[in-house]
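Below: the structure, in structure tokens.
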Amino acid sequence: MNEVLMKVQDLSKYFTIDTDWRGKPVSVLKAVDEVSLTINKGEAFGLVGESGCGKTTLGKILVNLYSPTSGKIFFEGKELSALNKKQRRSYCKDIQMIFQDPYASLNPRMTVGDIIAEPIIINKLLPMSEVEERVIFLLNCVGLARHQRNRFPHEFSGGQRQRVGIARALAVEPKLIVCDEPVSALDVSIQAQVLNLLDDLKEEFKLTYLFIAHGLGVVKHISDRVGVMYLGKLVEIAPKKELYANPLNPYTQALLSAIPVINSEKKERIILKGDVPSPINPPAGCRFSSRCFKEFEPCKLNTPKLKEVSPGHWVACHLF
Amino acid sequence: MLLEVKNLRTEFKLKRGTVRAVDDVSFTIDKGEILAIVGESGSGKSVTSLSLMGLIQKPGGVAGGEILFKSQDLSKLSQKELQEIRGNKISMIFQEPMTSLNPVWRIKDQIMENIMTHMKMSKKEALARTVEMLDTVGIPSPAERANDYPHQMSGGMRQRVMTAMALSCEPDLLIADEPTTALDVTIQAQILELLYQMREKFNMAVLLITHDLGVVYEAADRVIVMYCGKIVEEADVKTLFEQPQHPYTVGLLQSIPQIDNESDEHLFMIKGMVPNPLHMPPGCSFSDRCDRCMERCTKEMPELQEINGHKVRCFLYDKAEEGELSAK
Ligand SMILES: Nc1ncnc2c1ncn2[C@@H]1O[C@H](COP(=O)(O)OP(=O)(O)OP(=O)(O)O)[C@@H](O)[C@H]1O
Ligand SMILES: Nc1ncnc2c1ncn2[C@@H]1O[C@H](COP(=O)(O)OP(=O)(O)O)[C@@H](O)[C@H]1O
Ligand code: SF4
Ligand code: SF4
Ligand SMILES: [Mg+2]
Ligand SMILES: [Mg+2]
């Protein structure tokens, strides 16, 4: 049943922040550090974590906008670095990304119709005579009207622009879409509209999602499985219900408890001390050790590895 | 009563027309109370708070109403008199602390400047108080970090510094405009906890402006819901969340993905979007999105009516016809 669509093995992306006079890196930022995960066909994999923890960087590696420093990516069983030019082009078409900022991600000088048509034309997916019809179809799919194709992005609201971004991603009939915080910049009443749309499109086009968010609320609604990141590391992966009912990593527990919830009892909060440390000089051992309320002897010495503690529930923490 | 705002109207005169950003808004805040204003972007939250402080820039301006702070009408004061009150009796913290801290001044100089403008203190005393305030808001090694420039601090720390500065003269009222929106959830939890403690410690009142209903539920005593520049509902926090009445409030509450919700069903959606302030629908401003809209709603604007402290602006709850505040 669970057919693996994408598998990521020990994937890292280091950015060089500073070099010495020979051009040798002296300061390195480990944005993504030895991350491994699998995404099954047809599922929505949620990825959460606070800003700067590496979510977007991971997404950009998957859509080939960054090349990884090390590690392997398998898509439909084939390793990415082993692909020839033609296969690589097809990979780039199969994996699309929707961006966090619906304002910055659309070319302001192109009409919305041209923005959606562009990837169809570049990838020669349809004869020119059929492109317009396809654009109108895609606009309808995302809840926009055909006459809106002649307008420019600035004439649209944030939610509508996000719809255009979704239509552009759908244009090349991708298999996997990396949704990078697609609703974070939108108002509450518009967020629900876009989330429902993404849900519907997933069914209709048989899509798989990597859904990135900083809030566990949004991710819970849309995901089947959820991974939690902290400073470049995956610290927990579990099926959605399991993760929310039984979070094991102390960071996941704190993240869950920090969300203001609307219900009749106000809950006890885990208030973490301090700030998220800089990824340039992360704490030794477990990267959460400087803020962890359960930190004990081994934490500052060794980095915990992801372990499967019950079927499908993985956690990286010395307590387990 | 600490603050009483009566029929406040703030307008922006643009070439294409006049935007009434705050339209006949009235509310009160008591000593030690946390009053939240919620609403979507553009609903008039920030303009309300800036109007209170006399900080509306041209082409905008307060076009009517009274702002009674300890019975003194702030809207009649000169900029100089207002400056006396700002940062002293009323302080403000903003969404993006970087824009309100001066990037070329050390943290300590900015806080000390504020203290020395408003309190009779020597430089030495002001420095001691600065360090004390930084410690109160949870900056580790406050004496050393006081020498930092704003860019040397993280977003959460800058928000704490802003808070320390805002609290340094023990204001009676703190206006916090989206104080946690730019922050991560674990840092947001720290800042909200801090506001709460400060209220307890100084019996300070807080006007908390946010679009996050979760934050409101956790932090506020009373809530005002704004839509298109108008108050559409007001109640104490428990009543508002348990018995919301305005269709907009009801819709907002239903459309938030909740982590304690087990269903995989579609989220509730409010259709459409906030109208363009230059092209408001006639009648009730929510009528083009409301699924209970009646014929009358597209012709007249409902009044804000009050029963037992719960205010709502909607024809479904028309006191004149019903005799009490209950849905037809
Ligand atoms: N300088 C300005 N010139 C013209 N119109 C303005 C100006 N500032 C605010 N407005 C208008 O006033 C209304 C209320 O704006 P305000 O900034 O108070 O909204 P808000 O609720 O704080 O939204 P957000 O959450 O986006 O900050 C909006 O329609 C806005 O476009
Ligand atoms: N092009 C880049 N050069 C240097 N550092 C980068 C670059 N892109 C991202 N980073 C850093 O990598 C870390 C992870 O970034 P990102 O993946 O964007 O985080 P987020 O989880 O907020 O999406 C951050 O510390 C960020 O500053
Ligand atoms: S390994 Fe130690 S520091 Fe890290 S999360 Fe577990 S208990 Fe906390
Ligand atoms: S007055 Fe009418 S349109 Fe406005 S909120 Fe009430 S029912 Fe809806
Ligand atoms: Mg990001
Ligand atoms: Mg605002």
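Ordering of the structure tokens sets the chain letters (A, B, ...), residue numbers begin anew at 1 in every chain, and ligands are numbered from 1 in the order given.
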
What does the list of residues within 10 Å of ligand 4 look like if you count only C-alpha atoms and all ligand atoms, written as a PDB file with C-alpha atoms, in the first residue's frame?
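Final output, saved to result24.pdb:
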```
ATOM      1  CA  VAL B 232     -19.068  44.364  15.166  1.00  0.00           C
ATOM      2  CA  GLN B 245     -23.164  36.141  17.958  1.00  0.00           C
ATOM      3  CA  HIS B 246     -22.041  38.118  14.954  1.00  0.00           C
ATOM      4  CA  PRO B 247     -21.884  35.872  11.849  1.00  0.00           C
ATOM      5  CA  TYR B 248     -18.342  37.145  11.187  1.00  0.00           C
ATOM      6  CA  THR B 249     -17.106  36.160  14.658  1.00  0.00           C
ATOM      7  CA  GLY B 283     -25.772  48.400   4.225  1.00  0.00           C
ATOM      8  CA  CYS B 284     -23.932  45.997   6.541  1.00  0.00           C
ATOM      9  CA  SER B 285     -20.216  45.817   5.593  1.00  0.00           C
ATOM     10  CA  PHE B 286     -20.265  42.045   6.034  1.00  0.00           C
ATOM     11  CA  SER B 287     -23.362  41.529   3.891  1.00  0.00           C
ATOM     12  CA  ASP B 288     -21.496  40.390   0.751  1.00  0.00           C
ATOM     13  CA  ARG B 289     -19.873  37.513   2.682  1.00  0.00           C
ATOM     14  CA  CYS B 290     -22.553  36.702   5.222  1.00  0.00           C
ATOM     15  CA  ASP B 291     -24.514  33.476   4.768  1.00  0.00           C
ATOM     16  CA  ARG B 292     -27.389  34.805   6.856  1.00  0.00           C
ATOM     17  CA  CYS B 293     -27.718  38.043   4.927  1.00  0.00           C
ATOM     18  CA  MET B 294     -31.302  39.331   4.669  1.00  0.00           C
ATOM     19  CA  GLU B 295     -32.782  41.889   2.345  1.00  0.00           C
ATOM     20  CA  ARG B 296     -32.596  44.602   4.941  1.00  0.00           C
ATOM     21  CA  CYS B 297     -28.847  43.977   5.424  1.00  0.00           C
ATOM     22  CA  THR B 298     -28.029  45.221   1.932  1.00  0.00           C
ATOM     23  CA  LYS B 299     -29.823  48.521   2.535  1.00  0.00           C
ATOM     24  CA  GLU B 300     -29.140  49.668   6.098  1.00  0.00           C
ATOM     25  CA  MET B 301     -26.168  49.538   8.439  1.00  0.00           C
ATOM     26  CA  PRO B 302     -27.085  47.820  11.717  1.00  0.00           C
ATOM     27  CA  GLU B 303     -26.380  49.670  14.978  1.00  0.00           C
ATOM     28  CA  VAL B 312     -23.246  43.092  18.595  1.00  0.00           C
ATOM     29  CA  ARG B 313     -23.869  44.904  15.317  1.00  0.00           C
ATOM     30  CA  CYS B 314     -26.232  42.690  13.308  1.00  0.00           C
ATOM     31  CA  PHE B 315     -29.908  42.680  12.316  1.00  0.00           C
ATOM     32  CA  LEU B 316     -30.268  39.102  13.538  1.00  0.00           C
ATOM     33  CA  TYR B 317     -30.196  40.526  17.037  1.00  0.00           C
ATOM     34  CA  ASP B 318     -32.417  43.529  16.661  1.00  0.00           C
ATOM     35  CA  ALA B 327     -31.074  35.124  17.271  1.00  0.00           C
TER      36      ALA B 327
END
```

Per-residue DSSP, stretch 90-312 of chain B, filtered to strand (DSSP E), as an mmCIF file with all heavy atoms, in the first residue's frame:
```cif
data_model
loop_
_atom_site.group_PDB
_atom_site.id
_atom_site.type_symbol
_atom_site.label_atom_id
_atom_site.label_comp_id
_atom_site.auth_asym_id
_atom_site.auth_seq_id
_atom_site.Cartn_x
_atom_site.Cartn_y
_atom_site.Cartn_z
ATOM 1 N N ILE B 90 1.390 56.332 28.831
ATOM 2 C CA ILE B 90 0.960 55.355 27.833
ATOM 3 C C ILE B 90 2.186 54.949 27.024
ATOM 4 O O ILE B 90 2.891 55.812 26.496
ATOM 5 C CB ILE B 90 -0.082 55.945 26.848
ATOM 6 C CG1 ILE B 90 -1.253 56.566 27.616
ATOM 7 C CG2 ILE B 90 -0.581 54.884 25.901
ATOM 8 C CD1 ILE B 90 -2.326 57.155 26.720
ATOM 9 N N SER B 91 2.445 53.654 26.918
ATOM 10 C CA SER B 91 3.557 53.192 26.082
ATOM 11 C C SER B 91 3.029 52.273 25.011
ATOM 12 O O SER B 91 1.937 51.739 25.117
ATOM 13 C CB SER B 91 4.568 52.385 26.876
ATOM 14 O OG SER B 91 5.153 53.125 27.845
ATOM 15 N N MET B 92 3.878 52.062 24.021
ATOM 16 C CA MET B 92 3.428 51.252 22.899
ATOM 17 C C MET B 92 4.523 50.287 22.474
ATOM 18 O O MET B 92 5.699 50.657 22.455
ATOM 19 C CB MET B 92 3.097 52.216 21.757
ATOM 20 C CG MET B 92 2.320 51.580 20.663
ATOM 21 S SD MET B 92 1.383 52.828 19.768
ATOM 22 C CE MET B 92 0.617 51.763 18.551
ATOM 23 N N ILE B 93 4.156 49.045 22.149
ATOM 24 C CA ILE B 93 5.108 48.152 21.484
ATOM 25 C C ILE B 93 4.505 47.690 20.174
ATOM 26 O O ILE B 93 3.294 47.516 20.053
ATOM 27 C CB ILE B 93 5.539 46.941 22.356
ATOM 28 C CG1 ILE B 93 4.351 46.171 22.916
ATOM 29 C CG2 ILE B 93 6.427 47.379 23.486
ATOM 30 C CD1 ILE B 93 4.767 44.997 23.790
ATOM 31 N N LEU B 173 -1.022 52.464 30.888
ATOM 32 C CA LEU B 173 -1.610 51.744 29.760
ATOM 33 C C LEU B 173 -0.510 51.351 28.786
ATOM 34 O O LEU B 173 0.319 52.184 28.401
ATOM 35 C CB LEU B 173 -2.634 52.642 29.045
ATOM 36 C CG LEU B 173 -3.234 52.088 27.746
ATOM 37 C CD1 LEU B 173 -4.071 50.850 28.010
ATOM 38 C CD2 LEU B 173 -4.075 53.159 27.042
ATOM 39 N N LEU B 174 -0.510 50.071 28.400
ATOM 40 C CA LEU B 174 0.420 49.598 27.382
ATOM 41 C C LEU B 174 -0.387 49.227 26.148
ATOM 42 O O LEU B 174 -1.338 48.456 26.239
ATOM 43 C CB LEU B 174 1.191 48.375 27.887
ATOM 44 C CG LEU B 174 2.146 47.748 26.861
ATOM 45 C CD1 LEU B 174 3.355 48.651 26.643
ATOM 46 C CD2 LEU B 174 2.597 46.370 27.311
ATOM 47 N N ILE B 175 -0.027 49.818 25.012
ATOM 48 C CA ILE B 175 -0.674 49.434 23.766
ATOM 49 C C ILE B 175 0.277 48.498 23.042
ATOM 50 O O ILE B 175 1.401 48.887 22.705
ATOM 51 C CB ILE B 175 -0.986 50.673 22.902
ATOM 52 C CG1 ILE B 175 -1.937 51.603 23.664
ATOM 53 C CG2 ILE B 175 -1.596 50.250 21.576
ATOM 54 C CD1 ILE B 175 -2.224 52.903 22.938
ATOM 55 N N ALA B 176 -0.141 47.253 22.831
ATOM 56 C CA ALA B 176 0.734 46.257 22.206
ATOM 57 C C ALA B 176 0.122 45.859 20.872
ATOM 58 O O ALA B 176 -0.878 45.157 20.825
ATOM 59 C CB ALA B 176 0.883 45.044 23.126
ATOM 60 N N ASP B 177 0.704 46.347 19.768
ATOM 61 C CA ASP B 177 0.155 46.082 18.432
ATOM 62 C C ASP B 177 0.862 44.880 17.824
ATOM 63 O O ASP B 177 2.019 44.965 17.431
ATOM 64 C CB ASP B 177 0.323 47.316 17.543
ATOM 65 C CG ASP B 177 -0.420 47.168 16.215
ATOM 66 O OD1 ASP B 177 -0.964 46.078 15.945
ATOM 67 O OD2 ASP B 177 -0.450 48.148 15.448
ATOM 68 N N ALA B 205 -2.847 48.479 32.545
ATOM 69 C CA ALA B 205 -3.849 48.031 31.586
ATOM 70 C C ALA B 205 -3.167 47.773 30.246
ATOM 71 O O ALA B 205 -2.165 48.405 29.933
ATOM 72 C CB ALA B 205 -4.930 49.091 31.419
ATOM 73 N N VAL B 206 -3.693 46.815 29.476
ATOM 74 C CA VAL B 206 -3.091 46.508 28.177
ATOM 75 C C VAL B 206 -4.164 46.538 27.097
ATOM 76 O O VAL B 206 -5.237 45.950 27.258
ATOM 77 C CB VAL B 206 -2.424 45.103 28.181
ATOM 78 C CG1 VAL B 206 -1.747 44.838 26.841
ATOM 79 C CG2 VAL B 206 -1.420 44.971 29.321
ATOM 80 N N LEU B 207 -3.864 47.245 26.005
ATOM 81 C CA LEU B 207 -4.696 47.154 24.808
ATOM 82 C C LEU B 207 -3.927 46.259 23.854
ATOM 83 O O LEU B 207 -2.901 46.643 23.308
ATOM 84 C CB LEU B 207 -4.920 48.542 24.190
ATOM 85 C CG LEU B 207 -5.761 48.561 22.911
ATOM 86 C CD1 LEU B 207 -7.171 48.058 23.172
ATOM 87 C CD2 LEU B 207 -5.817 49.963 22.315
ATOM 88 N N LEU B 208 -4.403 45.025 23.693
ATOM 89 C CA LEU B 208 -3.666 44.014 22.936
ATOM 90 C C LEU B 208 -4.290 43.875 21.558
ATOM 91 O O LEU B 208 -5.443 43.489 21.430
ATOM 92 C CB LEU B 208 -3.729 42.680 23.691
ATOM 93 C CG LEU B 208 -3.089 41.474 23.016
ATOM 94 C CD1 LEU B 208 -1.589 41.661 22.903
ATOM 95 C CD2 LEU B 208 -3.401 40.208 23.797
ATOM 96 N N ILE B 209 -3.515 44.203 20.537
ATOM 97 C CA ILE B 209 -4.034 44.147 19.179
ATOM 98 C C ILE B 209 -3.460 42.942 18.464
ATOM 99 O O ILE B 209 -2.243 42.737 18.487
ATOM 100 C CB ILE B 209 -3.668 45.454 18.447
ATOM 101 C CG1 ILE B 209 -4.466 46.573 19.095
ATOM 102 C CG2 ILE B 209 -3.954 45.356 16.970
ATOM 103 C CD1 ILE B 209 -4.085 47.922 18.622
ATOM 104 N N THR B 210 -4.305 42.124 17.887
ATOM 105 C CA THR B 210 -3.805 40.901 17.262
ATOM 106 C C THR B 210 -4.821 40.379 16.262
ATOM 107 O O THR B 210 -5.974 40.771 16.266
ATOM 108 C CB THR B 210 -3.519 39.824 18.332
ATOM 109 O OG1 THR B 210 -3.119 38.618 17.688
ATOM 110 C CG2 THR B 210 -4.740 39.519 19.168
ATOM 111 N N ARG B 222 -11.332 40.982 27.953
ATOM 112 C CA ARG B 222 -12.467 41.391 27.150
ATOM 113 C C ARG B 222 -11.991 41.537 25.710
ATOM 114 O O ARG B 222 -10.824 41.800 25.451
ATOM 115 C CB ARG B 222 -12.992 42.741 27.671
ATOM 116 C CG ARG B 222 -14.466 42.985 27.463
ATOM 117 C CD ARG B 222 -15.037 43.903 28.573
ATOM 118 N NE ARG B 222 -14.161 45.017 28.864
ATOM 119 C CZ ARG B 222 -14.149 46.161 28.161
ATOM 120 N NH1 ARG B 222 -14.967 46.342 27.147
ATOM 121 N NH2 ARG B 222 -13.322 47.132 28.496
ATOM 122 N N VAL B 223 -12.909 41.354 24.741
ATOM 123 C CA VAL B 223 -12.519 41.339 23.338
ATOM 124 C C VAL B 223 -13.428 42.231 22.505
ATOM 125 O O VAL B 223 -14.648 42.235 22.683
ATOM 126 C CB VAL B 223 -12.633 39.919 22.733
ATOM 127 C CG1 VAL B 223 -12.022 39.882 21.345
ATOM 128 C CG2 VAL B 223 -12.010 38.887 23.625
ATOM 129 N N ILE B 224 -12.795 42.972 21.585
ATOM 130 C CA ILE B 224 -13.533 43.724 20.580
ATOM 131 C C ILE B 224 -13.212 43.102 19.235
ATOM 132 O O ILE B 224 -12.045 42.858 18.926
ATOM 133 C CB ILE B 224 -13.089 45.198 20.584
ATOM 134 C CG1 ILE B 224 -13.675 45.917 21.799
ATOM 135 C CG2 ILE B 224 -13.505 45.894 19.299
ATOM 136 C CD1 ILE B 224 -13.184 47.337 21.929
ATOM 137 N N VAL B 225 -14.231 42.798 18.420
ATOM 138 C CA VAL B 225 -14.000 42.296 17.074
ATOM 139 C C VAL B 225 -14.272 43.438 16.107
ATOM 140 O O VAL B 225 -15.341 44.044 16.140
ATOM 141 C CB VAL B 225 -14.928 41.107 16.744
ATOM 142 C CG1 VAL B 225 -14.627 40.556 15.349
ATOM 143 C CG2 VAL B 225 -14.795 40.014 17.791
ATOM 144 N N MET B 226 -13.283 43.738 15.252
ATOM 145 C CA MET B 226 -13.469 44.808 14.274
ATOM 146 C C MET B 226 -13.598 44.236 12.872
ATOM 147 O O MET B 226 -12.967 43.235 12.538
ATOM 148 C CB MET B 226 -12.291 45.797 14.306
ATOM 149 C CG MET B 226 -12.382 46.801 15.435
ATOM 150 S SD MET B 226 -11.069 48.040 15.365
ATOM 151 C CE MET B 226 -11.693 49.156 14.116
ATOM 152 N N TYR B 227 -14.411 44.865 12.060
ATOM 153 C CA TYR B 227 -14.529 44.505 10.652
ATOM 154 C C TYR B 227 -14.744 45.789 9.870
ATOM 155 O O TYR B 227 -15.657 46.560 10.187
ATOM 156 C CB TYR B 227 -15.697 43.525 10.445
ATOM 157 C CG TYR B 227 -15.719 42.926 9.053
ATOM 158 C CD1 TYR B 227 -14.846 41.896 8.716
ATOM 159 C CD2 TYR B 227 -16.589 43.394 8.074
ATOM 160 C CE1 TYR B 227 -14.839 41.349 7.438
ATOM 161 C CE2 TYR B 227 -16.597 42.849 6.795
ATOM 162 C CZ TYR B 227 -15.713 41.824 6.483
ATOM 163 O OH TYR B 227 -15.704 41.288 5.220
ATOM 164 N N LYS B 230 -15.220 49.095 11.820
ATOM 165 C CA LYS B 230 -16.288 49.203 12.823
ATOM 166 C C LYS B 230 -16.186 48.072 13.832
ATOM 167 O O LYS B 230 -15.743 46.974 13.503
ATOM 168 C CB LYS B 230 -17.650 49.090 12.133
ATOM 169 C CG LYS B 230 -18.061 50.318 11.356
ATOM 170 C CD LYS B 230 -19.564 50.215 11.068
ATOM 171 C CE LYS B 230 -20.117 51.536 10.617
ATOM 172 N NZ LYS B 230 -19.498 52.001 9.359
ATOM 173 N N ILE B 231 -16.643 48.361 15.059
ATOM 174 C CA ILE B 231 -16.782 47.288 16.032
ATOM 175 C C ILE B 231 -18.025 46.488 15.655
ATOM 176 O O ILE B 231 -19.096 47.066 15.473
ATOM 177 C CB ILE B 231 -16.927 47.851 17.458
ATOM 178 C CG1 ILE B 231 -15.637 48.578 17.851
ATOM 179 C CG2 ILE B 231 -17.257 46.737 18.447
ATOM 180 C CD1 ILE B 231 -15.656 49.180 19.240
ATOM 181 N N VAL B 232 -17.885 45.163 15.482
ATOM 182 C CA VAL B 232 -19.068 44.364 15.166
ATOM 183 C C VAL B 232 -19.513 43.522 16.358
ATOM 184 O O VAL B 232 -20.650 43.056 16.416
ATOM 185 C CB VAL B 232 -18.871 43.463 13.924
ATOM 186 C CG1 VAL B 232 -18.700 44.315 12.676
ATOM 187 C CG2 VAL B 232 -17.719 42.497 14.094
ATOM 188 N N GLU B 233 -18.586 43.303 17.324
ATOM 189 C CA GLU B 233 -18.983 42.554 18.512
ATOM 190 C C GLU B 233 -18.027 42.877 19.646
ATOM 191 O O GLU B 233 -16.851 43.150 19.424
ATOM 192 C CB GLU B 233 -18.966 41.038 18.214
ATOM 193 C CG GLU B 233 -19.504 40.195 19.364
ATOM 194 C CD GLU B 233 -19.988 38.810 18.931
ATOM 195 O OE1 GLU B 233 -19.811 38.464 17.753
ATOM 196 O OE2 GLU B 233 -20.533 38.093 19.785
ATOM 197 N N GLU B 234 -18.569 42.861 20.862
ATOM 198 C CA GLU B 234 -17.720 43.067 22.033
ATOM 199 C C GLU B 234 -18.301 42.295 23.199
ATOM 200 O O GLU B 234 -19.501 42.342 23.451
ATOM 201 C CB GLU B 234 -17.648 44.561 22.398
ATOM 202 C CG GLU B 234 -16.830 44.793 23.649
ATOM 203 C CD GLU B 234 -16.803 46.255 24.098
ATOM 204 O OE1 GLU B 234 -17.061 47.152 23.281
ATOM 205 O OE2 GLU B 234 -16.524 46.469 25.288
ATOM 206 N N ALA B 235 -17.437 41.543 23.890
ATOM 207 C CA ALA B 235 -17.910 40.779 25.043
ATOM 208 C C ALA B 235 -16.713 40.386 25.886
ATOM 209 O O ALA B 235 -15.569 40.530 25.444
ATOM 210 C CB ALA B 235 -18.646 39.521 24.588
ATOM 211 N N ASP B 236 -16.968 39.857 27.099
ATOM 212 C CA ASP B 236 -15.847 39.330 27.857
ATOM 213 C C ASP B 236 -15.392 38.059 27.147
ATOM 214 O O ASP B 236 -16.138 37.453 26.378
ATOM 215 C CB ASP B 236 -16.229 39.082 29.320
ATOM 216 C CG ASP B 236 -17.204 37.951 29.465
ATOM 217 O OD1 ASP B 236 -16.772 36.791 29.478
ATOM 218 O OD2 ASP B 236 -18.412 38.251 29.531
ATOM 219 N N GLN B 305 -25.651 47.179 19.279
ATOM 220 C CA GLN B 305 -26.612 47.125 20.379
ATOM 221 C C GLN B 305 -26.048 46.324 21.533
ATOM 222 O O GLN B 305 -25.296 45.389 21.331
ATOM 223 C CB GLN B 305 -27.904 46.457 19.900
ATOM 224 C CG GLN B 305 -28.470 47.125 18.682
ATOM 225 C CD GLN B 305 -29.958 46.913 18.593
ATOM 226 O OE1 GLN B 305 -30.669 47.078 19.571
ATOM 227 N NE2 GLN B 305 -30.424 46.550 17.416
ATOM 228 N N GLU B 306 -26.471 46.666 22.734
ATOM 229 C CA GLU B 306 -25.898 46.012 23.901
ATOM 230 C C GLU B 306 -26.969 45.391 24.789
ATOM 231 O O GLU B 306 -27.983 46.007 25.079
ATOM 232 C CB GLU B 306 -25.113 47.038 24.732
ATOM 233 C CG GLU B 306 -24.646 46.445 26.039
ATOM 234 C CD GLU B 306 -23.798 47.386 26.868
ATOM 235 O OE1 GLU B 306 -23.447 48.477 26.373
ATOM 236 O OE2 GLU B 306 -23.497 47.021 28.009
ATOM 237 N N ILE B 307 -26.723 44.127 25.172
ATOM 238 C CA ILE B 307 -27.537 43.498 26.210
ATOM 239 C C ILE B 307 -26.583 42.837 27.195
ATOM 240 O O ILE B 307 -25.736 42.043 26.787
ATOM 241 C CB ILE B 307 -28.476 42.414 25.627
ATOM 242 C CG1 ILE B 307 -29.486 43.027 24.669
ATOM 243 C CG2 ILE B 307 -29.160 41.642 26.732
ATOM 244 C CD1 ILE B 307 -30.758 43.503 25.301
ATOM 245 N N HIS B 310 -22.862 42.468 26.423
ATOM 246 C CA HIS B 310 -22.478 41.837 25.164
ATOM 247 C C HIS B 310 -23.003 42.709 24.020
ATOM 248 O O HIS B 310 -24.201 42.895 23.882
ATOM 249 C CB HIS B 310 -23.097 40.435 25.100
ATOM 250 C CG HIS B 310 -22.554 39.582 23.989
ATOM 251 N ND1 HIS B 310 -22.659 38.211 23.993
ATOM 252 C CD2 HIS B 310 -21.896 39.889 22.847
ATOM 253 C CE1 HIS B 310 -22.096 37.734 22.897
ATOM 254 N NE2 HIS B 310 -21.632 38.732 22.180
ATOM 255 N N LYS B 311 -22.062 43.258 23.224
ATOM 256 C CA LYS B 311 -22.494 44.140 22.144
ATOM 257 C C LYS B 311 -22.371 43.442 20.804
ATOM 258 O O LYS B 311 -21.394 42.730 20.563
ATOM 259 C CB LYS B 311 -21.617 45.394 22.110
ATOM 260 C CG LYS B 311 -21.763 46.266 23.331
ATOM 261 C CD LYS B 311 -20.945 47.521 23.167
ATOM 262 C CE LYS B 311 -20.860 48.260 24.498
ATOM 263 N NZ LYS B 311 -19.790 49.235 24.517
ATOM 264 N N VAL B 312 -23.340 43.666 19.936
ATOM 265 C CA VAL B 312 -23.246 43.092 18.595
ATOM 266 C C VAL B 312 -23.926 44.010 17.588
ATOM 267 O O VAL B 312 -24.919 44.671 17.900
ATOM 268 C CB VAL B 312 -23.823 41.649 18.565
ATOM 269 C CG1 VAL B 312 -25.283 41.613 18.938
ATOM 270 C CG2 VAL B 312 -23.623 41.007 17.191
#
```

Any idea which chain B residues end up within 8 Å of chain A if we count only C-alpha atoms, as a PDB file with C-alpha atoms, in the first residue's frame please?
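Contents of selection_0.pdb, freshly written:
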```pdb
ATOM      1  CA  GLU B  40      -8.278  40.809   9.760  1.00  0.00           C
ATOM      2  CA  SER B  41      -5.643  42.936   8.151  1.00  0.00           C
ATOM      3  CA  SER B 154      17.322  38.001  17.988  1.00  0.00           C
ATOM      4  CA  GLY B 156      12.487  37.644  20.527  1.00  0.00           C
ATOM      5  CA  MET B 157      15.128  39.588  22.435  1.00  0.00           C
ATOM      6  CA  ASP B 184       7.991  31.946  16.740  1.00  0.00           C
ATOM      7  CA  VAL B 185       5.418  30.159  18.877  1.00  0.00           C
ATOM      8  CA  THR B 186       7.776  29.240  21.692  1.00  0.00           C
ATOM      9  CA  ILE B 187       8.987  32.855  21.881  1.00  0.00           C
ATOM     10  CA  GLN B 188       5.398  34.116  21.589  1.00  0.00           C
ATOM     11  CA  ALA B 189       4.541  32.055  24.655  1.00  0.00           C
ATOM     12  CA  GLN B 190       7.400  33.749  26.548  1.00  0.00           C
ATOM     13  CA  HIS B 211      -5.329  38.822  14.498  1.00  0.00           C
ATOM     14  CA  LEU B 213      -7.797  34.401  18.245  1.00  0.00           C
ATOM     15  CA  GLY B 214      -5.763  31.833  20.170  1.00  0.00           C
ATOM     16  CA  VAL B 215      -3.652  34.623  21.661  1.00  0.00           C
ATOM     17  CA  TYR B 217      -8.352  33.572  24.268  1.00  0.00           C
ATOM     18  CA  GLU B 218      -5.295  33.019  26.423  1.00  0.00           C
ATOM     19  CA  PHE B 241     -15.717  32.336  22.539  1.00  0.00           C
ATOM     20  CA  GLY B 251     -17.213  32.188  11.008  1.00  0.00           C
ATOM     21  CA  LEU B 252     -13.757  33.233  12.188  1.00  0.00           C
ATOM     22  CA  SER B 255     -12.386  28.524  10.313  1.00  0.00           C
ATOM     23  CA  ILE B 256      -9.274  28.181  12.492  1.00  0.00           C
ATOM     24  CA  PRO B 257      -7.587  24.780  12.279  1.00  0.00           C
ATOM     25  CA  GLN B 258      -7.519  23.608  15.889  1.00  0.00           C
ATOM     26  CA  ILE B 259      -5.025  21.121  17.232  1.00  0.00           C
ATOM     27  CA  ASP B 260      -7.636  19.546  19.479  1.00  0.00           C
ATOM     28  CA  ASP B 264     -10.465  15.521   8.844  1.00  0.00           C
ATOM     29  CA  HIS B 266     -13.100  20.487   5.424  1.00  0.00           C
ATOM     30  CA  LEU B 267     -12.560  23.633   7.434  1.00  0.00           C
ATOM     31  CA  PHE B 268     -15.439  26.029   7.678  1.00  0.00           C
ATOM     32  CA  MET B 269     -14.933  28.885   5.225  1.00  0.00           C
ATOM     33  CA  ILE B 270     -16.123  32.460   5.144  1.00  0.00           C
ATOM     34  CA  LYS B 271     -16.683  33.052   1.451  1.00  0.00           C
ATOM     35  CA  MET B 273     -12.854  38.538   0.940  1.00  0.00           C
TER      36      MET B 273
END
```

Using only C-alpha atoms and all ligand atoms, which protein or nucleic acid residues are at most 8 Å from ligand 5, as a PyMOL selection string?
chain A and resi 51-52+54-57+100+180-181

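Relative to atom CA of B:Arg16, atom CA of B:Pro59 is found at 12.4 Å.
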